[in-house]
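A.B. asks: Quick one, input-v1.txt (compact mmCIF, C-alpha atoms and all ligand atoms):
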```txt
# COMPACT_ATOMS: atom_id res chain seq x y z
CA MET O 1 -37.00 -106.63 44.34
CA ALA O 2 -39.72 -105.15 42.18
CA ILE O 3 -39.37 -101.43 41.51
CA LEU O 4 -42.26 -99.01 41.82
CA VAL O 5 -42.15 -95.42 40.53
CA GLN O 6 -44.40 -93.00 42.42
CA LYS O 7 -44.91 -89.49 41.06
CA PHE O 8 -46.42 -86.71 43.16
CA GLY O 9 -47.80 -83.59 41.47
CA GLY O 10 -47.51 -80.04 42.78
CA THR O 11 -50.70 -79.96 44.86
CA SER O 12 -49.80 -83.29 46.45
CA VAL O 13 -46.55 -81.87 47.90
CA ALA O 14 -47.67 -78.26 48.41
CA ASN O 15 -46.58 -78.01 52.06
CA ALA O 16 -44.85 -79.94 54.86
CA GLU O 17 -48.01 -81.74 55.87
CA LYS O 18 -48.66 -82.91 52.32
CA ILE O 19 -45.06 -84.03 51.85
CA ARG O 20 -45.41 -86.06 55.04
CA ARG O 21 -48.59 -87.62 53.71
CA ALA O 22 -46.91 -88.43 50.39
CA ALA O 23 -43.97 -89.91 52.30
CA LYS O 24 -46.41 -92.27 54.01
CA ARG O 25 -47.40 -93.65 50.60
CA VAL O 26 -43.76 -94.28 49.83
CA ILE O 27 -43.20 -95.95 53.19
CA LYS O 28 -46.19 -98.20 52.63
CA ALA O 29 -44.73 -99.35 49.31
CA VAL O 30 -41.34 -99.96 50.93
CA GLU O 31 -43.02 -101.97 53.68
CA ASN O 32 -44.78 -103.98 50.97
CA GLY O 33 -41.38 -104.99 49.62
CA TYR O 34 -40.89 -102.54 46.77
CA SER O 35 -37.81 -100.57 45.83
CA VAL O 36 -39.25 -97.11 45.33
CA VAL O 37 -38.26 -94.29 42.99
CA VAL O 38 -40.10 -91.05 43.71
CA VAL O 39 -40.53 -88.26 41.17
CA ALA O 40 -41.89 -84.98 42.48
CA SER O 41 -43.07 -81.68 41.04
CA ALA O 42 -42.48 -78.20 42.39
CA ARG O 43 -44.58 -77.42 45.45
CA GLY O 44 -48.04 -75.92 44.85
CA GLN O 45 -47.99 -73.03 42.40
CA GLN O 46 -44.24 -72.50 42.66
CA THR O 47 -43.55 -72.90 38.94
CA ASP O 48 -46.15 -70.19 38.17
CA GLU O 49 -44.60 -67.94 40.79
CA LEU O 50 -41.10 -68.38 39.38
CA ILE O 51 -42.41 -67.60 35.89
CA ALA O 52 -44.03 -64.42 37.24
CA ASP O 53 -40.72 -63.45 38.92
CA ALA O 54 -38.90 -63.90 35.62
CA PHE O 55 -41.38 -61.78 33.65
CA GLU O 56 -41.21 -59.03 36.22
CA LEU O 57 -37.53 -58.59 35.41
CA ASN O 58 -37.62 -59.33 31.71
CA PRO O 59 -40.61 -59.41 29.33
CA ASN O 60 -38.72 -61.86 27.12
CA PRO O 61 -36.60 -63.99 29.46
CA PRO O 62 -33.87 -66.07 27.81
CA LYS O 63 -35.13 -69.64 27.64
CA ARG O 64 -31.91 -71.13 28.99
CA GLU O 65 -32.22 -68.98 32.11
CA MET O 66 -35.88 -69.88 32.41
CA ASP O 67 -34.92 -73.56 32.62
CA GLN O 68 -32.15 -72.83 35.09
CA LEU O 69 -34.73 -71.05 37.27
CA LEU O 70 -37.74 -73.36 36.93
CA SER O 71 -35.75 -76.53 37.62
CA THR O 72 -35.08 -75.28 41.16
CA GLY O 73 -38.72 -75.80 42.14
CA GLU O 74 -38.60 -79.59 41.82
CA GLN O 75 -35.11 -79.73 43.32
CA GLN O 76 -36.46 -78.19 46.52
CA THR O 77 -39.29 -80.70 46.71
CA VAL O 78 -37.15 -83.81 46.34
CA SER O 79 -34.62 -82.78 48.97
CA LEU O 80 -37.40 -81.85 51.42
CA PHE O 81 -39.13 -85.14 50.63
CA ALA O 82 -35.87 -87.04 51.32
CA MET O 83 -35.61 -85.24 54.67
CA ALA O 84 -39.16 -86.26 55.56
CA LEU O 85 -38.37 -89.91 54.77
CA ASP O 86 -35.14 -89.70 56.76
CA ALA O 87 -37.04 -88.29 59.74
CA ALA O 88 -39.40 -91.27 59.56
CA GLY O 89 -36.42 -93.63 59.64
CA TYR O 90 -36.27 -94.51 55.94
CA PRO O 91 -32.97 -93.84 54.15
CA ALA O 92 -33.45 -91.69 51.07
CA ILE O 93 -31.36 -89.76 48.56
CA SER O 94 -32.47 -87.06 46.14
CA PHE O 95 -31.07 -86.22 42.71
CA THR O 96 -31.53 -83.52 40.11
CA GLY O 97 -32.31 -84.65 36.55
CA GLY O 98 -28.70 -83.99 35.57
CA GLN O 99 -27.37 -86.14 38.39
CA VAL O 100 -29.18 -89.20 37.02
CA GLN O 101 -28.09 -88.41 33.45
CA MET O 102 -31.51 -87.47 32.20
CA LEU O 103 -30.15 -86.40 28.81
CA THR O 104 -32.34 -84.24 26.59
CA ASP O 105 -32.05 -82.25 23.40
CA ASN O 106 -31.27 -78.56 23.75
CA VAL O 107 -34.73 -77.12 23.07
CA HIS O 108 -35.07 -75.09 26.24
CA THR O 109 -38.51 -75.01 27.95
CA LYS O 110 -39.78 -77.96 25.87
CA ALA O 111 -36.89 -80.40 25.71
CA ARG O 112 -37.31 -84.07 24.83
CA ILE O 113 -35.61 -86.89 26.72
CA LYS O 114 -32.95 -88.72 24.69
CA SER O 115 -31.63 -91.18 27.27
CA ILE O 116 -31.47 -91.90 30.97
CA GLY O 117 -28.59 -93.46 32.91
CA ALA O 118 -30.30 -95.81 35.35
CA GLU O 119 -27.11 -97.15 37.02
CA ARG O 120 -26.86 -94.53 39.71
CA ILE O 121 -30.50 -95.00 40.69
CA LYS O 122 -30.23 -98.80 40.73
CA LYS O 123 -27.11 -98.68 42.87
CA GLN O 124 -28.88 -96.59 45.50
CA LEU O 125 -31.97 -98.81 45.39
CA ASP O 126 -29.73 -101.84 45.91
CA GLU O 127 -28.34 -100.13 49.00
CA GLY O 128 -31.87 -100.00 50.36
CA LYS O 129 -32.57 -96.32 49.79
CA VAL O 130 -35.62 -94.59 48.40
CA VAL O 131 -34.40 -92.62 45.38
CA LEU O 132 -36.03 -89.26 44.68
CA VAL O 133 -35.61 -87.60 41.30
CA ALA O 134 -36.56 -84.00 40.54
CA GLY O 135 -39.24 -84.05 37.85
CA PHE O 136 -39.52 -82.02 34.65
CA GLN O 137 -35.80 -81.50 34.05
CA GLY O 138 -32.73 -82.85 32.34
CA VAL O 139 -29.44 -81.68 30.87
CA ASP O 140 -28.36 -81.26 27.27
CA ASP O 141 -25.09 -82.49 25.77
CA ASP O 142 -23.35 -79.32 26.93
CA GLY O 143 -24.51 -79.71 30.53
CA ASN O 144 -27.13 -76.94 30.37
CA ILE O 145 -30.24 -77.58 32.46
CA THR O 146 -33.35 -78.10 30.34
CA THR O 147 -37.03 -78.53 31.24
CA LEU O 148 -39.62 -80.73 29.53
CA GLY O 149 -42.56 -78.31 29.26
CA ARG O 150 -45.37 -77.61 31.71
CA GLY O 151 -46.61 -80.76 33.40
CA GLY O 152 -43.39 -82.54 32.38
CA SER O 153 -42.85 -84.39 35.67
CA ASP O 154 -45.26 -87.08 34.44
CA THR O 155 -42.84 -87.72 31.59
CA THR O 156 -39.86 -87.92 33.96
CA ALA O 157 -41.75 -90.52 35.98
CA VAL O 158 -42.85 -92.74 33.09
CA ALA O 159 -39.47 -92.48 31.33
CA LEU O 160 -37.73 -93.46 34.58
CA ALA O 161 -40.15 -96.34 35.08
CA ALA O 162 -39.15 -97.59 31.62
CA ALA O 163 -35.44 -97.07 32.28
CA VAL O 164 -35.38 -98.96 35.60
CA GLY O 165 -37.87 -101.62 34.46
CA ALA O 166 -40.48 -100.69 37.08
CA LYS O 167 -43.51 -102.90 37.65
CA GLU O 168 -45.80 -99.88 37.58
CA CYS O 169 -45.73 -96.09 37.50
CA GLU O 170 -48.18 -94.49 39.94
CA ILE O 171 -49.20 -90.90 39.25
CA TYR O 172 -50.53 -89.33 42.45
CA THR O 173 -52.57 -86.21 41.84
CA ASP O 174 -55.46 -84.06 43.08
CA VAL O 175 -58.12 -86.05 41.22
CA ASP O 176 -58.79 -89.74 41.85
CA GLY O 177 -58.21 -90.79 38.25
CA ILE O 178 -58.82 -89.86 34.64
CA TYR O 179 -62.35 -88.62 34.03
CA THR O 180 -64.44 -88.63 30.87
CA THR O 181 -63.74 -84.90 30.70
CA ASP O 182 -62.28 -82.18 32.93
CA PRO O 183 -64.38 -82.38 36.13
CA ARG O 184 -63.63 -78.73 36.87
CA ILE O 185 -65.74 -77.80 33.82
CA PHE O 186 -68.26 -80.65 33.57
CA LYS O 187 -69.03 -81.58 37.17
CA GLU O 188 -70.96 -84.70 36.20
CA ALA O 189 -67.92 -86.27 34.48
CA VAL O 190 -67.17 -89.79 35.71
CA LYS O 191 -63.95 -91.58 36.49
CA LEU O 192 -62.78 -94.20 34.01
CA GLU O 193 -61.48 -97.51 35.35
CA GLN O 194 -59.21 -97.87 32.38
CA ILE O 195 -58.25 -96.05 29.23
CA SER O 196 -56.03 -96.98 26.29
CA TYR O 197 -52.69 -95.30 25.63
CA ASP O 198 -54.01 -94.05 22.30
CA GLU O 199 -57.08 -92.41 23.83
CA ILE O 200 -55.30 -90.66 26.67
CA LEU O 201 -52.52 -89.64 24.29
CA GLU O 202 -55.07 -87.87 22.09
CA MET O 203 -56.84 -86.42 25.13
CA ALA O 204 -53.60 -85.17 26.69
CA SER O 205 -52.48 -83.59 23.42
CA LEU O 206 -55.89 -81.93 23.08
CA GLY O 207 -56.03 -80.23 26.45
CA ALA O 208 -56.65 -82.86 29.17
CA GLY O 209 -54.06 -81.46 31.56
CA VAL O 210 -54.20 -84.50 33.82
CA MET O 211 -51.26 -86.14 32.00
CA HIS O 212 -48.31 -84.76 30.03
CA SER O 213 -48.72 -86.20 26.54
CA ARG O 214 -45.07 -87.23 26.13
CA SER O 215 -45.41 -89.45 29.20
CA ILE O 216 -48.01 -91.52 27.37
CA GLU O 217 -45.76 -91.90 24.35
CA PHE O 218 -43.10 -93.39 26.63
CA GLY O 219 -45.66 -95.56 28.40
CA LYS O 220 -46.95 -97.01 25.17
CA LYS O 221 -43.53 -97.54 23.63
CA TYR O 222 -42.01 -99.21 26.67
CA ASN O 223 -45.14 -100.96 28.01
CA VAL O 224 -45.23 -99.08 31.29
CA LYS O 225 -48.39 -99.72 33.26
CA ILE O 226 -49.53 -96.28 34.46
CA HIS O 227 -51.93 -95.88 37.37
CA VAL O 228 -53.36 -92.37 37.84
CA ARG O 229 -54.75 -92.03 41.37
CA SER O 230 -55.53 -89.78 44.29
CA SER O 231 -52.82 -88.68 46.70
CA ILE O 232 -55.50 -88.28 49.39
CA GLU O 233 -57.77 -91.30 49.05
CA GLU O 234 -56.58 -94.90 48.98
CA LYS O 235 -58.97 -96.16 46.30
CA GLU O 236 -58.01 -97.42 42.85
CA GLY O 237 -57.67 -94.80 40.14
CA THR O 238 -57.45 -95.23 36.36
CA ILE O 239 -55.16 -97.71 34.63
CA ILE O 240 -53.64 -96.63 31.32
CA MET O 241 -53.06 -99.75 29.26
CA HIS O 242 -53.01 -101.29 25.81
CA GLU O 243 -56.37 -101.43 24.10
CA VAL O 244 -58.71 -104.34 24.84
CA PRO O 245 -61.75 -105.16 22.62
CA GLN O 246 -64.33 -103.97 25.20
CA MET O 247 -62.98 -100.43 24.84
CA GLU O 248 -64.61 -100.20 21.43
CA GLY O 249 -68.03 -100.72 23.06
CA VAL O 250 -68.72 -97.00 23.26
CA ALA O 251 -68.09 -94.48 20.49
CA VAL O 252 -66.63 -91.77 22.69
CA THR O 253 -64.50 -92.31 25.78
CA GLY O 254 -63.78 -88.70 26.65
CA ALA O 255 -63.94 -85.06 25.62
CA THR O 256 -61.44 -82.24 25.96
CA VAL O 257 -61.08 -78.50 25.57
CA GLN O 258 -57.84 -76.86 24.54
CA GLN O 259 -57.83 -73.22 25.56
CA ASP O 260 -54.40 -71.69 25.11
CA MET O 261 -54.12 -71.83 21.39
CA ALA O 262 -54.12 -69.74 18.25
CA LYS O 263 -54.92 -70.31 14.60
CA ILE O 264 -52.95 -68.88 11.71
CA ASP O 265 -54.46 -68.73 8.22
CA LEU O 266 -52.29 -68.14 5.18
CA VAL O 267 -54.85 -66.88 2.71
CA ASN O 268 -54.49 -67.46 -1.03
CA ILE O 269 -51.05 -68.94 -1.29
CA ASP O 270 -49.93 -70.29 -4.67
CA ASN O 271 -51.36 -73.77 -5.10
CA LYS O 272 -48.24 -75.56 -6.22
CA PRO O 273 -46.00 -78.41 -5.05
CA GLY O 274 -43.57 -77.51 -2.30
CA ASN O 275 -45.35 -74.52 -0.79
CA ALA O 276 -46.77 -76.32 2.25
CA ALA O 277 -43.35 -77.90 2.79
CA LYS O 278 -41.72 -74.46 2.76
CA VAL O 279 -44.12 -73.05 5.35
CA PHE O 280 -43.71 -75.98 7.71
CA ALA O 281 -39.93 -76.07 7.27
CA SER O 282 -39.88 -72.45 8.39
CA LEU O 283 -42.08 -73.27 11.42
CA ALA O 284 -39.92 -76.27 12.33
CA LYS O 285 -36.80 -74.12 12.15
CA ALA O 286 -38.46 -71.74 14.62
CA LYS O 287 -39.15 -74.83 16.84
CA VAL O 288 -42.90 -74.26 16.69
CA VAL O 289 -45.01 -77.32 17.53
CA VAL O 290 -47.93 -77.40 15.08
CA ASN O 291 -51.12 -79.15 16.15
CA ASP O 292 -53.74 -79.42 13.42
CA ILE O 293 -53.17 -78.51 9.80
CA MET O 294 -55.89 -77.76 7.26
CA GLN O 295 -55.43 -76.93 3.60
CA THR O 296 -58.20 -76.23 1.14
CA GLU O 297 -57.97 -75.56 -2.55
CA VAL O 298 -59.56 -72.25 -3.53
CA SER O 299 -58.93 -72.69 -7.27
CA SER O 300 -56.43 -74.54 -9.44
CA LYS O 301 -54.03 -71.64 -8.73
CA LYS O 302 -54.71 -70.72 -5.10
CA ALA O 303 -55.12 -72.45 -1.71
CA ASN O 304 -55.68 -71.53 1.95
CA LEU O 305 -53.38 -73.07 4.52
CA SER O 306 -54.31 -72.97 8.23
CA PHE O 307 -52.75 -74.44 11.34
CA LEU O 308 -53.25 -74.47 15.09
CA ILE O 309 -50.47 -73.81 17.57
CA GLY O 310 -50.04 -73.28 21.30
CA ILE O 311 -50.29 -69.62 22.30
CA SER O 312 -46.75 -69.68 23.71
CA ASP O 313 -45.44 -70.30 20.19
CA LEU O 314 -47.49 -67.51 18.60
CA THR O 315 -44.73 -64.90 18.28
CA SER O 316 -42.28 -67.36 16.72
CA ALA O 317 -45.01 -68.79 14.46
CA LYS O 318 -46.08 -65.36 13.23
CA GLU O 319 -42.47 -64.46 12.42
CA ALA O 320 -41.94 -67.75 10.62
CA ALA O 321 -45.15 -67.25 8.59
CA GLU O 322 -44.23 -63.66 7.72
CA GLN O 323 -40.84 -64.80 6.45
CA MET O 324 -42.54 -67.20 4.05
CA LYS O 325 -45.26 -64.79 2.92
CA GLU O 326 -43.58 -63.61 -0.28
CA GLU O 327 -42.05 -66.93 -1.14
CA VAL O 328 -45.42 -68.72 -1.26
CA ASN O 329 -47.13 -65.62 -2.68
CA CYS O 330 -49.56 -65.35 0.24
CA GLU O 331 -52.19 -62.63 -0.02
CA SER O 332 -52.71 -62.11 3.70
CA ILE O 333 -52.00 -63.70 7.05
CA PHE O 334 -54.86 -63.93 9.48
CA VAL O 335 -54.32 -64.71 13.18
CA ARG O 336 -57.04 -65.74 15.65
CA GLU O 337 -56.33 -65.88 19.36
CA ASP O 338 -59.95 -65.93 20.52
CA ILE O 339 -60.43 -69.63 19.83
CA ALA O 340 -60.53 -72.95 21.63
CA GLU O 341 -60.67 -76.51 20.38
CA ILE O 342 -63.27 -79.02 21.57
CA SER O 343 -62.56 -82.67 20.86
CA VAL O 344 -64.20 -86.04 21.40
CA VAL O 345 -61.96 -89.10 21.58
CA GLY O 346 -62.63 -92.83 21.52
CA VAL O 347 -61.27 -95.99 19.92
CA GLY O 348 -64.91 -96.98 19.42
CA MET O 349 -65.20 -94.35 16.70
CA ARG O 350 -63.63 -96.83 14.32
CA THR O 351 -66.73 -99.01 14.49
CA HIS O 352 -69.56 -96.61 15.42
CA TYR O 353 -71.29 -94.35 12.95
CA GLY O 354 -73.03 -91.02 13.55
CA VAL O 355 -70.40 -89.61 15.92
CA ALA O 356 -69.76 -86.47 13.88
CA GLU O 357 -73.49 -85.88 13.48
CA ARG O 358 -74.04 -86.16 17.22
CA MET O 359 -71.22 -83.75 18.02
CA PHE O 360 -72.11 -81.13 15.41
CA GLY O 361 -75.82 -81.45 16.30
CA ALA O 362 -75.12 -80.73 19.98
CA LEU O 363 -73.03 -77.68 19.09
CA ALA O 364 -75.65 -76.41 16.67
CA LYS O 365 -78.40 -76.76 19.27
CA ALA O 366 -76.33 -74.66 21.68
CA LYS O 367 -75.74 -72.09 18.89
CA VAL O 368 -71.99 -72.65 18.92
CA ASN O 369 -70.48 -71.84 15.55
CA ILE O 370 -67.79 -74.23 14.27
CA ASP O 371 -64.82 -72.43 12.72
CA SER O 372 -63.05 -75.53 11.45
CA ILE O 373 -63.06 -79.29 11.90
CA THR O 374 -60.25 -81.85 11.97
CA THR O 375 -60.40 -85.59 12.56
CA SER O 376 -58.25 -88.64 13.12
CA GLU O 377 -59.28 -92.28 13.29
CA ILE O 378 -60.19 -91.90 16.97
CA ARG O 379 -61.13 -88.24 17.41
CA ILE O 380 -63.12 -85.30 16.07
CA SER O 381 -62.07 -81.73 16.91
CA CYS O 382 -63.91 -78.45 16.34
CA VAL O 383 -62.46 -74.98 16.67
CA VAL O 384 -64.98 -72.67 18.36
CA ASN O 385 -65.05 -69.19 19.86
CA LYS O 386 -63.18 -69.08 23.13
CA ASP O 387 -66.07 -67.51 25.03
CA GLN O 388 -68.28 -70.47 24.09
CA ALA O 389 -65.68 -73.14 24.85
CA GLU O 390 -66.94 -74.29 28.25
CA GLU O 391 -70.54 -74.36 27.13
CA ALA O 392 -69.47 -76.32 24.05
CA LEU O 393 -67.63 -78.90 26.17
CA LYS O 394 -70.67 -79.30 28.41
CA VAL O 395 -73.19 -79.84 25.61
CA VAL O 396 -70.92 -82.28 23.83
CA SER O 397 -70.36 -84.17 27.10
CA VAL O 398 -74.11 -84.44 27.62
CA ALA O 399 -74.62 -85.59 24.02
CA PHE O 400 -72.18 -88.49 24.52
CA GLU O 401 -73.42 -89.33 28.04
CA LEU O 402 -70.06 -88.61 29.57
CA ASP O 403 -71.81 -88.35 32.93
CA LYS O 404 -72.21 -92.14 32.84
CA ALA O 405 -69.67 -94.96 33.04
CA PRO O 406 -69.10 -96.47 29.55
CA LYS O 407 -71.06 -99.65 30.34
CA GLU O 408 -74.10 -97.71 31.60
CA ARG O 409 -74.62 -95.59 28.50
CA THR O 410 -77.71 -96.10 26.41
CA LYS O 411 -76.16 -95.54 22.97
P1 LIG V 1 -50.55 -82.49 39.14
O1 LIG V 1 -50.11 -81.22 39.76
O2 LIG V 1 -50.79 -83.58 40.14
O3 LIG V 1 -49.67 -82.92 38.01
P2 LIG V 1 -52.49 -81.45 37.27
O4 LIG V 1 -53.11 -80.17 37.68
O5 LIG V 1 -51.38 -81.40 36.26
O6 LIG V 1 -52.00 -82.21 38.59
O7 LIG V 1 -53.59 -82.46 36.72
C1 LIG V 1 -54.75 -82.73 37.46
C2 LIG V 1 -55.89 -81.85 36.98
O8 LIG V 1 -56.18 -82.14 35.61
C3 LIG V 1 -57.19 -82.08 37.69
O9 LIG V 1 -57.30 -81.30 38.85
C4 LIG V 1 -58.26 -81.74 36.63
O10 LIG V 1 -58.88 -80.52 36.86
C5 LIG V 1 -57.48 -81.65 35.33
N1 LIG V 1 -58.08 -82.47 34.28
C6 LIG V 1 -58.31 -82.07 33.01
N2 LIG V 1 -58.90 -83.03 32.30
C7 LIG V 1 -59.06 -84.08 33.13
C8 LIG V 1 -59.61 -85.39 32.98
N3 LIG V 1 -60.12 -85.81 31.81
N4 LIG V 1 -59.60 -86.21 34.05
C9 LIG V 1 -59.10 -85.81 35.23
N5 LIG V 1 -58.57 -84.59 35.44
C10 LIG V 1 -58.55 -83.72 34.41
N1 LIG V 2 -43.62 -77.92 37.92
C1 LIG V 2 -43.84 -78.07 36.51
C2 LIG V 2 -45.14 -77.39 36.13
O1 LIG V 2 -45.81 -76.81 36.97
C3 LIG V 2 -43.82 -79.49 36.06
C4 LIG V 2 -44.89 -80.39 36.63
O2 LIG V 2 -45.57 -80.02 37.60
O3 LIG V 2 -45.06 -81.48 36.10
O4 LIG V 2 -45.50 -77.40 34.99
MG MG V 3 -49.58 -82.43 35.98
```
Here is a file; write its structure as structure tokens.
Ligand code: ADP
Ligand code: ASP
Ligand code: MG
C.D. replies:
Amino acid sequence: MAILVQKFGGTSVANAEKIRRAAKRVIKAVENGYSVVVVASARGQQTDELIADAFELNPNPPKREMDQLLSTGEQQTVSLFAMALDAAGYPAISFTGGQVQMLTDNVHTKARIKSIGAERIKKQLDEGKVVLVAGFQGVDDDGNITTLGRGGSDTTAVALAAAVGAKECEIYTDVDGIYTTDPRIFKEAVKLEQISYDEILEMASLGAGVMHSRSIEFGKKYNVKIHVRSSIEEKEGTIIMHEVPQMEGVAVTGATVQQDMAKIDLVNIDNKPGNAAKVFASLAKAKVVVNDIMQTEVSSKKANLSFLIGISDLTSAKEAAEQMKEEVNCESIFVREDIAEISVVGVGMRTHYGVAERMFGALAKAKVNIDSITTSEIRISCVVNKDQAEEALKVVSVAFELDKAPKERTK
């Protein structure tokens, strides 16, 4: 029997009524002949509430204990979900990440999946049960519970879909698909019928919270067809798939804003081989995930080195930078927390010209100053002042006609 993985996000399982509605989706798939694996998130805002509880007792909660605590949210959902299915007459069994050998590294609060033991799940599916797996969690080699980072249940779902050889991984959420940009900020954004792994990977890494970026890496690597769709409406959502030539028809597929970030500038470090390596070795040791890196030569002797990081890594990153200050002969360290990054993404950028001009022109017209710029083959990102971020996203979205479906755009 073909296997289907269905993932339900927090808002889609927020209360008993919503769990019942989600269960109906599962039942429909079972009735259509699928073996179903369900991955669920913590109910509603429960993860935020647990984080608040932790910080009330300790301003710097140990990360291992954080994982131990946060993993309970999804555990509650999957057992309740199994009970709802049982009540409807469909046999179901729920598991924690550890119980299905979701093995991760030991980087608490942002662990990466190393392997998954699919046997236990397959055995239960063969017995005719719906298998429910708690999202966002795993265990390390020593049996400690780990979590995959905020939004990590998407990654559990896609990784499981790969491990069990599922036909498709459905991501049920509170929007009916992936939009050209965050519809909460740019109301005119439109739903995309399809998007390539590369584009949504860039978008997810650059602030599009609709998908956890690691999930896309798994999807691309293991060829998992991902369907992002509404948990309320029946209609088709967005298919994440390998690139097809038509996708290059427009320059820009989507735009994003990344809010919770900081920029660190190491001003006037010695311009000599090995210094950048030293700084980034120190950051890696502190387990800081670095987003964009910019280095510019000031003179033959001096250079400025800047990088962007998530705000949650700021304390560790500052410490790591301070430790390297003398070694690279850095004059001063400058930290900016009042920034955001606006990006445009599209595989069409490879063949269209004038994309940068259009983006910078729109920002200039709205009097948004650009602090720094980084690019890849399929994206352009600008760091701007945080208080102008939403306005910047809107003007850029208008400039690239992100209020229209790709085939309806004029340029
Ligand atoms: P879930 O709890 O189901 O995992 P999330 O809150 O993580 O849901 O993701 C869905 C939200 O992502 C939407 O409500 C939307 O506001 C936001 N979002 C950001 N960028 C996009 C985008 N490009 N397309 C769709 N939704 C987006
Ligand atoms: N519950 C976790 C979070 O809120 C994981 C998830 O929802 O994917 O981040
Ligand atoms: Mg999510």
A.B. asks: Quick one, how far is CA of Asp265 in chain O from CA of Cys330 in chain O?
C.D. replies: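 Answer for the CA of Asp265 in chain O to CA of Cys330 in chain O separation: 10.0 Å.
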A.B. asks: Could you give me, as number ranges by chain, the residues within 7 Å of range 389-395 of chain O, counting all atoms listed in the file and dropping anything in the same chain fewer than 6 positions from it?
C.D. replies: O: 185-186, 257, 340, 342, 362-363, 368
A.B. asks: Compute the set of protein, DNA and RNA residues whose minimum atom distance to ligand LIG 2 (chain V) is at most 6 Å, using only C-alpha atoms and all ligand atoms, and state it as a short mmCIF file (atom, residue, chain, number, x, y, z; two decimals) with C-alpha atoms, keeping the file's coordinate frame.
C.D. replies:
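This is the output file part02.cif:
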```cif
data_model
loop_
_atom_site.label_atom_id
_atom_site.label_comp_id
_atom_site.auth_asym_id
_atom_site.auth_seq_id
_atom_site.Cartn_x
_atom_site.Cartn_y
_atom_site.Cartn_z
CA GLY O 9 -47.80 -83.59 41.47
CA GLY O 10 -47.51 -80.04 42.78
CA SER O 41 -43.07 -81.68 41.04
CA ALA O 42 -42.48 -78.20 42.39
CA THR O 47 -43.55 -72.90 38.94
CA PHE O 136 -39.52 -82.02 34.65
CA ARG O 150 -45.37 -77.61 31.71
CA GLY O 151 -46.61 -80.76 33.40
CA GLY O 152 -43.39 -82.54 32.38
CA SER O 153 -42.85 -84.39 35.67
CA ASP O 154 -45.26 -87.08 34.44
#
```
A.B. asks: Residues near Gly310 in chain O, anyone? I mean within 7 Å using all atoms listed in the file, not counting same-chain ones fewer than 6 positions away, as a ChimeraX atom specification.
C.D. replies: /O:260-262
A.B. asks: Of the candidates O:Ile293, O:Asn58, O:Ala405, O:Gly143, which shows the shortest atom-to-atom distance to Tyr179 in chain O, using all atoms listed in the file?
C.D. replies: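 Going through O:Ile293, O:Asn58, O:Ala405, O:Gly143 one by one, the smallest distance to Tyr179 in chain O is for O:Ala405.
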A.B. asks: What lies within 7 Å of Gln6 in chain O using all atoms listed in the file, ignoring chain neighbours under 6 positions off, as a PyMOL selection string?
C.D. replies: chain O and resi 37-39+169-171
A.B. asks: Mind checking which residues fall within 10 Å of Thr156 in chain O, counting all atoms listed in the file, ignoring those fewer than 2 positions away in the same chain, and posting them as an mmCIF file with C-alpha atoms, in the coordinates of the input?
C.D. replies:
```
data_model
loop_
_atom_site.group_PDB
_atom_site.id
_atom_site.type_symbol
_atom_site.label_atom_id
_atom_site.label_comp_id
_atom_site.auth_asym_id
_atom_site.auth_seq_id
_atom_site.Cartn_x
_atom_site.Cartn_y
_atom_site.Cartn_z
ATOM 1 C CA LYS O 7 -44.910 -89.490 41.060
ATOM 2 C CA VAL O 39 -40.530 -88.260 41.170
ATOM 3 C CA ALA O 40 -41.890 -84.980 42.480
ATOM 4 C CA SER O 41 -43.070 -81.680 41.040
ATOM 5 C CA GLY O 97 -32.310 -84.650 36.550
ATOM 6 C CA MET O 102 -31.510 -87.470 32.200
ATOM 7 C CA ILE O 113 -35.610 -86.890 26.720
ATOM 8 C CA ILE O 116 -31.470 -91.900 30.970
ATOM 9 C CA VAL O 133 -35.610 -87.600 41.300
ATOM 10 C CA ALA O 134 -36.560 -84.000 40.540
ATOM 11 C CA GLY O 135 -39.240 -84.050 37.850
ATOM 12 C CA PHE O 136 -39.520 -82.020 34.650
ATOM 13 C CA GLN O 137 -35.800 -81.500 34.050
ATOM 14 C CA GLY O 138 -32.730 -82.850 32.340
ATOM 15 C CA LEU O 148 -39.620 -80.730 29.530
ATOM 16 C CA GLY O 151 -46.610 -80.760 33.400
ATOM 17 C CA GLY O 152 -43.390 -82.540 32.380
ATOM 18 C CA SER O 153 -42.850 -84.390 35.670
ATOM 19 C CA ASP O 154 -45.260 -87.080 34.440
ATOM 20 C CA VAL O 158 -42.850 -92.740 33.090
ATOM 21 C CA ALA O 159 -39.470 -92.480 31.330
ATOM 22 C CA LEU O 160 -37.730 -93.460 34.580
ATOM 23 C CA ALA O 161 -40.150 -96.340 35.080
ATOM 24 C CA ALA O 162 -39.150 -97.590 31.620
ATOM 25 C CA HIS O 212 -48.310 -84.760 30.030
ATOM 26 C CA ARG O 214 -45.070 -87.230 26.130
ATOM 27 C CA SER O 215 -45.410 -89.450 29.200
ATOM 28 C CA PHE O 218 -43.100 -93.390 26.630
#
```
A.B. asks: Select all residues near (-36.1, -80.9, 51.8) (cut-off 12 Å, inclusive, file coordinates), counting all atoms listed in the file, and output them as a ChimeraX atom specification.
C.D. replies: /O:13,15-16,19-20,23,40,42-43,73-87,92-95,132,134
A.B. asks: Excluding Asp140 in chain O and its own-chain neighbours fewer than 6 positions away, which residues fall within 12 Å of it when counting all atoms listed in the file? Please give them as a PyMOL selection string.
C.D. replies: chain O and resi 64+67+97-98+101-116+146-148
